[in-house]
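Below you'll find the structure, written out as structure tokens, and then a few comments.
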Amino acid sequence: MIWRQAPKSIANPQWTDYPAISGPTCLYDAQPENVLANIAARILNDFRQLPINPGTLEAQPFPHTLKGGPTNFYTTATEQAFNVTILGQAVHLTATPASFTYNFGDTTSLGPTPAAGYAIPEADRLLNKTRTSHIYTETGNYPATITTSFTGTYSVNNGPPLPINGTLELTTPPKTIQVWKTERALVADTCQENPKSWGCPDTEPTLGTEPQ
């Protein structure tokens with residue numbers, strides 16, 4: 001390749017050799033690097049190094065729930081985007097929650113499932129069972145977690161989005177669910193009339209700190 005120069009303002013210039021170039025010159029090696037292929041070969045590893053937020057595991061009711069009643073679980077994981085530089089190229093990546101595995105802490109789990117769950121009104125929490133609800137059969141403290149599987153896409157220099165062949169699994173820190181049992185009793189007074197009456201807030205400390 002020979003570089004030539006001429007004044008830009010002249011319609012039909014007389015071209016001359018560019019001073020810094022002497023003889024035929026090539027800008028690339030004999031076998032130029034295939035940057036796109038090299039990015040594709042490493043993109044999964046780069047994807048798994050991204051600071052992706054796994055979201056949180058939410059439970060309703062929380063932190064106390066009832067034995068034999070539905071506890072609604074859901075996640076706050078969302079799609080996230082990142083702009084990075086790989087091999088000198090501008091790369092845009094997206095991470096999308098694709099499936100979820102709920103571990104309820106009592107040796108049972110749900111998933112993988114595409115259901116991220118959702119919050120329900122407070123009045124319905126002890127009655128309605130959702131796709132991601134769980135019923136604890138024993139009292140106790142249970143460390144619940146959720147593992148989210150993220151899929152990804154990437155584009156190089158504003159090119160079309162391409163799928164990343166592989167996933168990233170992220171697990172939330174454990175959230176302790178305290179499962180209690182209910183008790184019934186007949187009382188003569190309201191809590192306003194007798195704050196020390198059975199079941200009133202002033203009597204709650206006698207239940208102790210462990211689930212009953």
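By order in the structure tokens, chains are A, B, ...; within a chain, residues start at 1; ligands start at 1, following the order shown.
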Members of range 71-119 of chain A assigned strand (DSSP E) by DSSP, as a VMD selection string: chain A and resid 71 to 75 80 to 86 89 to 103 109 to 113
If we count only C-alpha atoms, what is near Gly166 in chain A at a cut-off of 8 Å, once residues fewer than 5 positions away on the same chain are taken out, given as an mmCIF file with N, CA and C atoms, in the first residue's frame?
```cif
data_model
loop_
_atom_site.group_PDB
_atom_site.id
_atom_site.type_symbol
_atom_site.label_atom_id
_atom_site.label_comp_id
_atom_site.auth_asym_id
_atom_site.auth_seq_id
_atom_site.Cartn_x
_atom_site.Cartn_y
_atom_site.Cartn_z
ATOM 1 N N LEU A 44 -17.606 -15.389 27.327
ATOM 2 C CA LEU A 44 -18.279 -16.025 28.462
ATOM 3 C C LEU A 44 -17.508 -15.772 29.757
ATOM 4 N N THR A 151 -28.633 -15.261 31.667
ATOM 5 C CA THR A 151 -28.146 -15.399 30.290
ATOM 6 C C THR A 151 -27.659 -14.032 29.826
ATOM 7 N N GLY A 152 -26.877 -14.007 28.733
ATOM 8 C CA GLY A 152 -26.312 -12.734 28.304
ATOM 9 C C GLY A 152 -26.249 -12.563 26.803
#
```
Would you mind listing what lies within 12 Å of Gln89 in chain A as a PyMOL selection string, with only C-alpha atoms counted and same-chain residues fewer than 5 positions away left out? chain A and resi 35-36+38-39+83-84+154-159
Keeping only all heavy atoms, write those residues as a PDB file, in the first residue's frame.
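New file out03.pdb:
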```pdb
ATOM      1  N   VAL A  35     -10.177  -9.982  15.552  1.00  0.00           N
ATOM      2  CA  VAL A  35     -10.583  -9.464  16.850  1.00  0.00           C
ATOM      3  C   VAL A  35     -11.946 -10.003  17.260  1.00  0.00           C
ATOM      4  O   VAL A  35     -12.155 -10.392  18.407  1.00  0.00           O
ATOM      5  CB  VAL A  35     -10.588  -7.922  16.842  1.00  0.00           C
ATOM      6  CG1 VAL A  35     -11.095  -7.382  18.170  1.00  0.00           C
ATOM      7  CG2 VAL A  35      -9.191  -7.400  16.560  1.00  0.00           C
ATOM      8  N   LEU A  36     -12.902 -10.039  16.338  1.00  0.00           N
ATOM      9  CA  LEU A  36     -14.245 -10.503  16.682  1.00  0.00           C
ATOM     10  C   LEU A  36     -14.234 -11.957  17.147  1.00  0.00           C
ATOM     11  O   LEU A  36     -14.916 -12.312  18.112  1.00  0.00           O
ATOM     12  CB  LEU A  36     -15.178 -10.333  15.491  1.00  0.00           C
ATOM     13  CG  LEU A  36     -15.514  -8.893  15.106  1.00  0.00           C
ATOM     14  CD1 LEU A  36     -16.453  -8.869  13.907  1.00  0.00           C
ATOM     15  CD2 LEU A  36     -16.135  -8.142  16.270  1.00  0.00           C
ATOM     16  N   ASN A  38     -11.708 -13.500  18.489  1.00  0.00           N
ATOM     17  CA  ASN A  38     -11.026 -13.566  19.776  1.00  0.00           C
ATOM     18  C   ASN A  38     -11.930 -13.090  20.916  1.00  0.00           C
ATOM     19  O   ASN A  38     -11.885 -13.626  22.026  1.00  0.00           O
ATOM     20  CB  ASN A  38      -9.743 -12.746  19.746  1.00  0.00           C
ATOM     21  CG  ASN A  38      -8.681 -13.377  18.867  1.00  0.00           C
ATOM     22  OD1 ASN A  38      -8.758 -14.561  18.535  1.00  0.00           O
ATOM     23  ND2 ASN A  38      -7.691 -12.597  18.471  1.00  0.00           N
ATOM     24  N   ILE A  39     -12.750 -12.087  20.640  1.00  0.00           N
ATOM     25  CA  ILE A  39     -13.711 -11.630  21.644  1.00  0.00           C
ATOM     26  C   ILE A  39     -14.740 -12.724  21.911  1.00  0.00           C
ATOM     27  O   ILE A  39     -15.096 -13.007  23.060  1.00  0.00           O
ATOM     28  CB  ILE A  39     -14.394 -10.324  21.189  1.00  0.00           C
ATOM     29  CG1 ILE A  39     -13.388  -9.172  21.209  1.00  0.00           C
ATOM     30  CG2 ILE A  39     -15.597 -10.006  22.084  1.00  0.00           C
ATOM     31  CD1 ILE A  39     -13.947  -7.858  20.714  1.00  0.00           C
ATOM     32  N   ASN A  83     -21.016  -1.626  29.884  1.00  0.00           N
ATOM     33  CA  ASN A  83     -20.166  -1.221  28.768  1.00  0.00           C
ATOM     34  C   ASN A  83     -18.714  -1.418  29.183  1.00  0.00           C
ATOM     35  O   ASN A  83     -18.257  -0.821  30.172  1.00  0.00           O
ATOM     36  CB  ASN A  83     -20.424   0.242  28.384  1.00  0.00           C
ATOM     37  CG  ASN A  83     -21.800   0.438  27.781  1.00  0.00           C
ATOM     38  OD1 ASN A  83     -22.173  -0.249  26.834  1.00  0.00           O
ATOM     39  ND2 ASN A  83     -22.568   1.362  28.334  1.00  0.00           N
ATOM     40  N   VAL A  84     -18.003  -2.264  28.465  1.00  0.00           N
ATOM     41  CA  VAL A  84     -16.621  -2.581  28.792  1.00  0.00           C
ATOM     42  C   VAL A  84     -15.762  -2.499  27.539  1.00  0.00           C
ATOM     43  O   VAL A  84     -16.278  -2.383  26.414  1.00  0.00           O
ATOM     44  CB  VAL A  84     -16.506  -3.991  29.416  1.00  0.00           C
ATOM     45  CG1 VAL A  84     -17.329  -4.083  30.695  1.00  0.00           C
ATOM     46  CG2 VAL A  84     -16.964  -5.063  28.425  1.00  0.00           C
ATOM     47  N   TYR A 154     -24.043  -9.823  23.841  1.00  0.00           N
ATOM     48  CA  TYR A 154     -23.000  -8.820  23.706  1.00  0.00           C
ATOM     49  C   TYR A 154     -23.005  -8.257  22.291  1.00  0.00           C
ATOM     50  O   TYR A 154     -23.429  -8.924  21.335  1.00  0.00           O
ATOM     51  CB  TYR A 154     -21.628  -9.414  24.033  1.00  0.00           C
ATOM     52  CG  TYR A 154     -21.066 -10.347  22.984  1.00  0.00           C
ATOM     53  CD1 TYR A 154     -20.067  -9.922  22.098  1.00  0.00           C
ATOM     54  CD2 TYR A 154     -21.526 -11.657  22.858  1.00  0.00           C
ATOM     55  CE1 TYR A 154     -19.546 -10.779  21.134  1.00  0.00           C
ATOM     56  CE2 TYR A 154     -21.011 -12.512  21.920  1.00  0.00           C
ATOM     57  CZ  TYR A 154     -20.024 -12.076  21.048  1.00  0.00           C
ATOM     58  OH  TYR A 154     -19.529 -12.936  20.092  1.00  0.00           O
ATOM     59  N   SER A 155     -22.588  -7.020  22.159  1.00  0.00           N
ATOM     60  CA  SER A 155     -22.422  -6.403  20.842  1.00  0.00           C
ATOM     61  C   SER A 155     -21.096  -5.658  20.827  1.00  0.00           C
ATOM     62  O   SER A 155     -20.690  -5.084  21.843  1.00  0.00           O
ATOM     63  CB  SER A 155     -23.572  -5.448  20.517  1.00  0.00           C
ATOM     64  OG  SER A 155     -23.607  -4.369  21.441  1.00  0.00           O
ATOM     65  N   VAL A 156     -20.432  -5.681  19.675  1.00  0.00           N
ATOM     66  CA  VAL A 156     -19.108  -5.076  19.536  1.00  0.00           C
ATOM     67  C   VAL A 156     -19.211  -3.839  18.659  1.00  0.00           C
ATOM     68  O   VAL A 156     -19.731  -3.909  17.541  1.00  0.00           O
ATOM     69  CB  VAL A 156     -18.096  -6.077  18.941  1.00  0.00           C
ATOM     70  CG1 VAL A 156     -16.714  -5.435  18.819  1.00  0.00           C
ATOM     71  CG2 VAL A 156     -18.027  -7.343  19.788  1.00  0.00           C
ATOM     72  N   ASN A 157     -18.755  -2.705  19.181  1.00  0.00           N
ATOM     73  CA  ASN A 157     -18.749  -1.448  18.426  1.00  0.00           C
ATOM     74  C   ASN A 157     -20.123  -1.129  17.832  1.00  0.00           C
ATOM     75  O   ASN A 157     -20.253  -0.836  16.634  1.00  0.00           O
ATOM     76  CB  ASN A 157     -17.679  -1.486  17.331  1.00  0.00           C
ATOM     77  CG  ASN A 157     -16.285  -1.638  17.898  1.00  0.00           C
ATOM     78  OD1 ASN A 157     -15.992  -1.134  18.979  1.00  0.00           O
ATOM     79  ND2 ASN A 157     -15.418  -2.341  17.175  1.00  0.00           N
ATOM     80  N   ASN A 158     -21.170  -1.238  18.676  1.00  0.00           N
ATOM     81  CA  ASN A 158     -22.553  -0.935  18.284  1.00  0.00           C
ATOM     82  C   ASN A 158     -23.105  -1.887  17.229  1.00  0.00           C
ATOM     83  O   ASN A 158     -24.067  -1.551  16.521  1.00  0.00           O
ATOM     84  CB  ASN A 158     -22.668   0.518  17.784  1.00  0.00           C
ATOM     85  CG  ASN A 158     -22.371   1.527  18.875  1.00  0.00           C
ATOM     86  OD1 ASN A 158     -22.811   1.365  20.007  1.00  0.00           O
ATOM     87  ND2 ASN A 158     -21.616   2.562  18.543  1.00  0.00           N
ATOM     88  N   GLY A 159     -22.513  -3.059  17.134  1.00  0.00           N
ATOM     89  CA  GLY A 159     -23.018  -4.057  16.198  1.00  0.00           C
ATOM     90  C   GLY A 159     -24.250  -4.754  16.759  1.00  0.00           C
ATOM     91  O   GLY A 159     -24.757  -4.416  17.824  1.00  0.00           O
TER      92      GLY A 159
END
```
Within 7 Å of Leu168 in chain A using only C-alpha atoms, minus same-chain residues under 3 positions, as a list in words: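 Listed by chain and then number, they are Arg48, Ser149, Phe150 and Thr151 of chain A.
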Pick from A:Thr172, A:Thr130, A:Ser9, A:Asn141, whichever lies nearest to Thr76 in chain A using only C-alpha atoms: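 The shortest atom-to-atom distance to Thr76 in chain A comes from A:Thr172.
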